[in-house]
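Pasting structure39.tsv here (TSV, C-alpha atoms):
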```tsv
chain	number	residue	atom	x	y	z
P	1133	MET	CA	169.68	79.29	92.69
P	1134	ARG	CA	167.30	80.20	95.44
P	1135	THR	CA	163.70	79.02	95.34
P	1136	SER	CA	161.00	80.15	97.72
P	1137	PRO	CA	157.22	79.68	97.76
P	1138	ALA	CA	154.82	82.24	99.12
P	1139	TYR	CA	151.10	82.20	99.65
P	1140	LEU	CA	148.35	84.77	100.05
P	1141	ALA	CA	144.73	83.97	100.63
P	1142	LEU	CA	141.63	86.13	100.67
P	1143	SER	CA	139.51	84.96	103.56
P	1144	LEU	CA	136.08	85.65	105.00
P	1145	ALA	CA	135.09	84.77	108.54
P	1146	LEU	CA	131.37	85.35	108.09
P	1147	ALA	CA	130.26	84.86	111.65
P	1148	ALA	CA	132.70	87.31	113.15
P	1149	ALA	CA	135.99	88.81	111.98
P	1150	ILE	CA	138.05	88.47	108.80
P	1151	ALA	CA	140.69	85.74	108.67
P	1152	VAL	CA	143.67	86.59	106.48
P	1153	THR	CA	146.88	84.75	105.72
P	1154	ALA	CA	149.93	86.51	104.31
P	1155	ALA	CA	153.34	85.09	103.55
P	1156	PRO	CA	156.77	85.87	102.21
P	1157	ALA	CA	157.03	88.06	99.15
P	1158	GLY	CA	159.56	88.06	96.36
P	1159	ALA	CA	162.33	90.02	94.70
P	1160	ASP	CA	163.37	90.03	91.04
P	1161	ALA	CA	165.56	91.64	88.41
P	1162	LYS	CA	163.32	92.30	85.40
P	1163	PRO	CA	161.63	89.00	86.19
P	1164	THR	CA	160.19	86.41	83.93
P	1165	VAL	CA	156.61	86.18	85.11
P	1166	LYS	CA	154.13	83.37	84.56
P	1167	VAL	CA	150.54	83.62	85.76
P	1168	GLN	CA	148.30	80.58	85.94
P	1169	THR	CA	144.66	80.71	87.04
P	1170	GLN	CA	142.62	77.84	88.40
P	1171	HIS	CA	138.91	77.98	89.20
P	1172	TYR	CA	137.19	76.02	91.91
P	1173	ARG	CA	133.56	74.94	91.68
P	1174	VAL	CA	130.84	77.04	93.31
P	1175	ASP	CA	127.14	76.22	93.19
P	1176	GLY	CA	123.93	77.28	94.94
P	1177	ALA	CA	120.79	79.11	93.86
P	1178	ASP	CA	120.73	81.71	96.65
P	1179	ALA	CA	123.35	83.83	98.40
P	1180	GLY	CA	123.55	81.59	101.45
P	1181	ALA	CA	124.06	78.45	99.39
P	1182	ILE	CA	126.70	80.16	97.25
P	1183	VAL	CA	128.70	81.29	100.26
P	1184	ARG	CA	128.39	77.86	101.91
P	1185	SER	CA	129.67	76.32	98.69
P	1186	MET	CA	132.73	78.59	98.75
P	1187	MET	CA	133.33	77.79	102.41
P	1188	GLY	CA	133.24	74.11	101.49
P	1189	ALA	CA	136.31	74.63	99.29
P	1190	HIS	CA	138.52	75.39	102.30
P	1191	GLN	CA	140.62	72.23	101.87
P	1192	LEU	CA	141.42	73.16	98.28
P	1193	LEU	CA	142.31	76.72	99.29
P	1194	GLY	CA	144.32	75.73	102.34
P	1195	GLY	CA	142.15	77.11	105.14
P	1196	HIS	CA	138.58	77.57	106.31
P	1197	GLY	CA	136.92	80.77	105.17
P	1198	ARG	CA	139.10	81.45	102.15
P	1199	VAL	CA	137.51	82.48	98.87
P	1200	GLY	CA	140.65	83.11	96.81
P	1201	ARG	CA	144.36	82.37	97.00
P	1202	THR	CA	147.56	83.25	95.16
P	1203	ARG	CA	150.68	81.13	95.39
P	1204	MET	CA	154.01	82.56	94.27
P	1205	THR	CA	157.17	80.57	93.61
P	1206	ARG	CA	160.38	82.53	93.12
P	1207	LYS	CA	163.58	81.24	91.52
P	1208	ILE	CA	166.71	83.39	91.62
P	1209	ASP	CA	170.01	82.87	89.78
P	1210	TRP	CA	173.14	84.88	90.53
P	1211	GLU	CA	176.39	85.11	88.65
P	1212	PHE	CA	179.27	87.18	90.04
P	1213	ASP	CA	182.15	89.18	88.67
P	1214	SER	CA	184.98	88.42	91.07
P	1215	ARG	CA	188.22	90.38	91.03
P	1216	PRO	CA	191.02	90.81	93.58
P	1217	GLY	CA	189.48	92.68	96.50
P	1218	SER	CA	186.01	93.05	95.01
P	1219	CYS	CA	182.90	91.18	93.93
P	1220	ARG	CA	179.78	92.42	92.19
P	1221	ILE	CA	176.70	91.09	90.42
P	1222	LYS	CA	177.33	90.13	86.80
P	1223	ARG	CA	173.97	88.47	86.14
P	1224	HIS	CA	170.85	88.40	88.28
P	1225	THR	CA	167.77	86.66	86.91
P	1226	VAL	CA	164.51	85.86	88.60
P	1227	ARG	CA	161.42	83.88	87.64
P	1228	LEU	CA	158.13	84.44	89.42
P	1229	ASP	CA	155.40	81.85	88.96
P	1230	PHE	CA	151.95	82.80	90.19
P	1231	LEU	CA	149.09	80.36	90.69
P	1232	THR	CA	145.80	82.03	91.52
P	1233	GLN	CA	142.67	80.15	92.59
P	1234	LEU	CA	139.34	81.88	92.04
P	1235	PRO	CA	135.66	80.91	92.43
P	1236	ARG	CA	133.50	80.06	89.42
P	1237	HIS	CA	129.78	79.37	89.65
P	1238	VAL	CA	128.84	76.30	87.64
P	1239	ALA	CA	125.36	77.59	86.77
P	1240	GLU	CA	125.78	81.35	86.79
P	1241	ASN	CA	123.40	81.93	83.88
P	1242	ARG	CA	120.57	80.18	85.73
P	1243	LEU	CA	120.76	82.47	88.75
P	1244	ASP	CA	118.11	85.08	89.35
P	1245	ALA	CA	119.12	88.23	87.46
P	1246	SER	CA	119.71	90.27	90.62
P	1247	LEU	CA	121.70	87.52	92.30
P	1248	ARG	CA	123.70	86.90	89.12
P	1249	LYS	CA	124.71	90.56	89.05
P	1250	THR	CA	125.68	90.43	92.73
P	1251	TRP	CA	127.66	87.22	92.23
P	1252	ARG	CA	129.55	88.58	89.26
P	1253	GLY	CA	130.46	91.67	91.21
P	1254	PHE	CA	131.75	89.54	94.07
P	1255	ALA	CA	133.78	87.31	91.74
P	1256	ARG	CA	135.31	90.36	90.04
P	1257	GLN	CA	136.29	91.77	93.42
P	1258	VAL	CA	138.03	88.53	94.43
P	1259	LYS	CA	139.89	88.47	91.10
P	1260	TRP	CA	140.95	92.11	91.52
P	1261	HIS	CA	142.11	91.44	95.07
P	1262	GLU	CA	144.42	88.62	94.01
P	1263	ALA	CA	145.77	90.70	91.10
P	1264	GLN	CA	146.76	93.42	93.55
P	1265	HIS	CA	148.82	90.92	95.52
P	1266	ARG	CA	150.71	90.04	92.34
P	1267	LYS	CA	151.26	93.75	91.73
P	1268	ILE	CA	152.64	94.22	95.24
P	1269	TRP	CA	155.07	91.31	94.76
P	1270	LEU	CA	156.34	92.78	91.51
P	1271	GLU	CA	156.78	96.26	92.97
P	1272	CYS	CA	158.71	94.85	95.92
P	1273	ALA	CA	160.81	92.83	93.49
P	1274	ARG	CA	161.79	95.83	91.40
P	1275	SER	CA	162.78	97.75	94.50
P	1276	ALA	CA	165.01	94.87	95.59
P	1277	GLU	CA	166.47	94.65	92.06
P	1278	ARG	CA	167.93	98.13	92.31
P	1279	GLN	CA	169.60	97.31	95.60
P	1280	VAL	CA	170.94	93.96	94.38
P	1281	ASN	CA	172.44	95.38	91.20
P	1282	ALA	CA	174.17	98.16	93.14
P	1283	ALA	CA	175.62	95.85	95.79
P	1284	ARG	CA	179.39	95.42	96.12
P	1285	ALA	CA	181.61	93.59	98.56
P	1286	GLY	CA	185.26	92.71	99.10
P	1287	ASN	CA	184.62	89.07	98.19
P	1288	CYS	CA	181.78	87.00	96.82
P	1289	ALA	CA	180.98	85.21	100.09
P	1290	ALA	CA	180.42	88.60	101.70
P	1291	LEU	CA	178.34	89.72	98.72
P	1292	VAL	CA	176.07	86.69	98.99
P	1293	LYS	CA	175.39	87.54	102.63
P	1294	LYS	CA	174.63	91.13	101.63
P	1295	LEU	CA	172.20	89.99	98.94
P	1296	GLU	CA	170.46	87.68	101.39
P	1297	ARG	CA	170.00	90.60	103.78
P	1298	ILE	CA	168.55	92.67	100.92
P	1299	TYR	CA	166.03	89.94	100.15
P	1300	ASP	CA	165.16	89.39	103.81
P	1301	SER	CA	164.49	93.10	104.24
P	1302	SER	CA	162.48	93.21	101.01
P	1303	ASN	CA	160.39	90.22	102.09
P	1304	ALA	CA	159.60	91.76	105.46
P	1305	ALA	CA	158.60	95.09	103.90
P	1306	CYS	CA	156.46	93.32	101.32
P	1307	ASP	CA	154.77	91.22	104.02
P	1308	ARG	CA	153.70	94.44	105.70
P	1309	ARG	CA	152.30	95.79	102.42
P	1310	HIS	CA	150.28	92.61	101.85
P	1311	ALA	CA	148.98	92.64	105.43
P	1312	ASP	CA	147.98	96.31	105.25
P	1313	PHE	CA	146.21	95.75	101.94
P	1314	ASP	CA	144.35	92.70	103.26
P	1315	ARG	CA	143.33	94.48	106.44
P	1316	VAL	CA	141.49	97.13	104.45
P	1317	GLU	CA	140.23	95.25	101.40
P	1318	THR	CA	139.12	92.01	103.06
P	1319	ALA	CA	137.06	94.01	105.53
P	1320	LYS	CA	135.39	95.73	102.56
P	1321	LEU	CA	134.67	92.41	100.89
P	1322	SER	CA	133.03	91.08	104.06
P	1323	LYS	CA	130.42	93.83	103.60
P	1324	HIS	CA	129.72	92.93	99.97
P	1325	PRO	CA	126.00	92.51	99.15
P	1326	LEU	CA	126.51	88.79	98.50
P	1327	ILE	CA	127.90	88.27	102.00
P	1328	ARG	CA	125.27	90.45	103.61
P	1329	ALA	CA	122.50	88.59	101.81
P	1330	SER	CA	123.94	85.23	102.88
P	1331	VAL	CA	123.54	86.02	106.58
P	1332	LYS	CA	120.06	87.55	106.43
P	1333	ARG	CA	117.48	85.60	108.35
```
Whole structure given in structure tokens:
Amino acid sequence: MRTSPAYLALSLALAAAIAVTAAPAGADAKPTVKVQTQHYRVDGADAGAIVRSMMGAHQLLGGHGRVGRTRMTRKIDWEFDSRPGSCRIKRHTVRLDFLTQLPRHVAENRLDASLRKTWRGFARQVKWHEAQHRKIWLECARSAERQVNAARAGNCAALVKKLERIYDSSNAACDRRHADFDRVETAKLSKHPLIRASVKR
């Protein structure tokens, strides 16, 4: 069994640039997937106070400026069919556990109607962003699955090394996908009306 954690966080550096963290991605063979969502407390009656409240959650989210985070834990089991001069995959199972942390305003219904609409739009965008990271992980996983199931070697020790190379390559490719996605989408989020309103003087 191989177990590996991975993390992705949606970050906003409001004073200047966007701060983004990406981490290893996963591979699976028709994975068992579990998604858990946690909400952290956000308060404030104006845009500035709301954003400051989210920034105050940086310890919970693992870094200053983050407004959402997804943690993925991957568990892989292999079973081999070993014969004289050959080894192949007999069983390959993977479990992906996702834990996503999202903002939730504690008094959303008491916000001014315009601000409430803006806040809800922002919260939906953060939720969508984290869901796309899960989608990327799963797509990378299915691509790796095809390679793993087709892999063969002269012995099982050599096959294990081949599978590890497949996963390493898959992880690197998936990292690039996450980084490219964050580069575009986090920049968009930094221009959201809630963020713009929070820095108006």
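Atom pair CA of Leu1231 in chain P / CA of Thr1205 in chain P has a distance of 8.6 Å (rounded to one decimal).
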For Val1238 in chain P, work out the shell of residues within 8 Å, counting all atoms listed in the file and skipping chain neighbours fewer than 2 positions away, then give it as a VMD selection string. chain P and resid 1173 to 1175 1236 1240
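Closest to Val1316 in chain P among P:Val1331, P:Thr1250, P:His1261, P:Ala1283 is P:His1261, based on all atoms listed in the file.
Of the listed residues P:Leu1321, P:Ala1276, P:Cys1288, P:Ala1282, the one whose atoms come nearest to Ser1302 in chain P is P:Ala1276, with distances taken using only C-alpha atoms.
Atom pair CA of Phe1254 in chain P / CA of Leu1326 in chain P has a distance of 6.9 Å (rounded to one decimal).
Using all atoms listed in the file, the nearest neighbour of Leu1270 in chain P within the list P:Thr1169, P:Ser1214, P:Asn1303, P:Ser1185 is P:Asn1303.
In this structure, CA of Glu1277 in chain P sits 17.2 Å away from CA of Asp1229 in chain P.
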Hey, which of P:Phe1212, P:Trp1260, P:Ile1182, P:Ile1298 ends up closest to Arg1248 in chain P? Count all atoms listed in the file. P:Ile1182
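Using all atoms listed in the file, the shortest contact distance between Arg1308 in chain P and any of P:Lys1323, P:Asn1281, P:Pro1216, P:His1265 is found at P:His1265.
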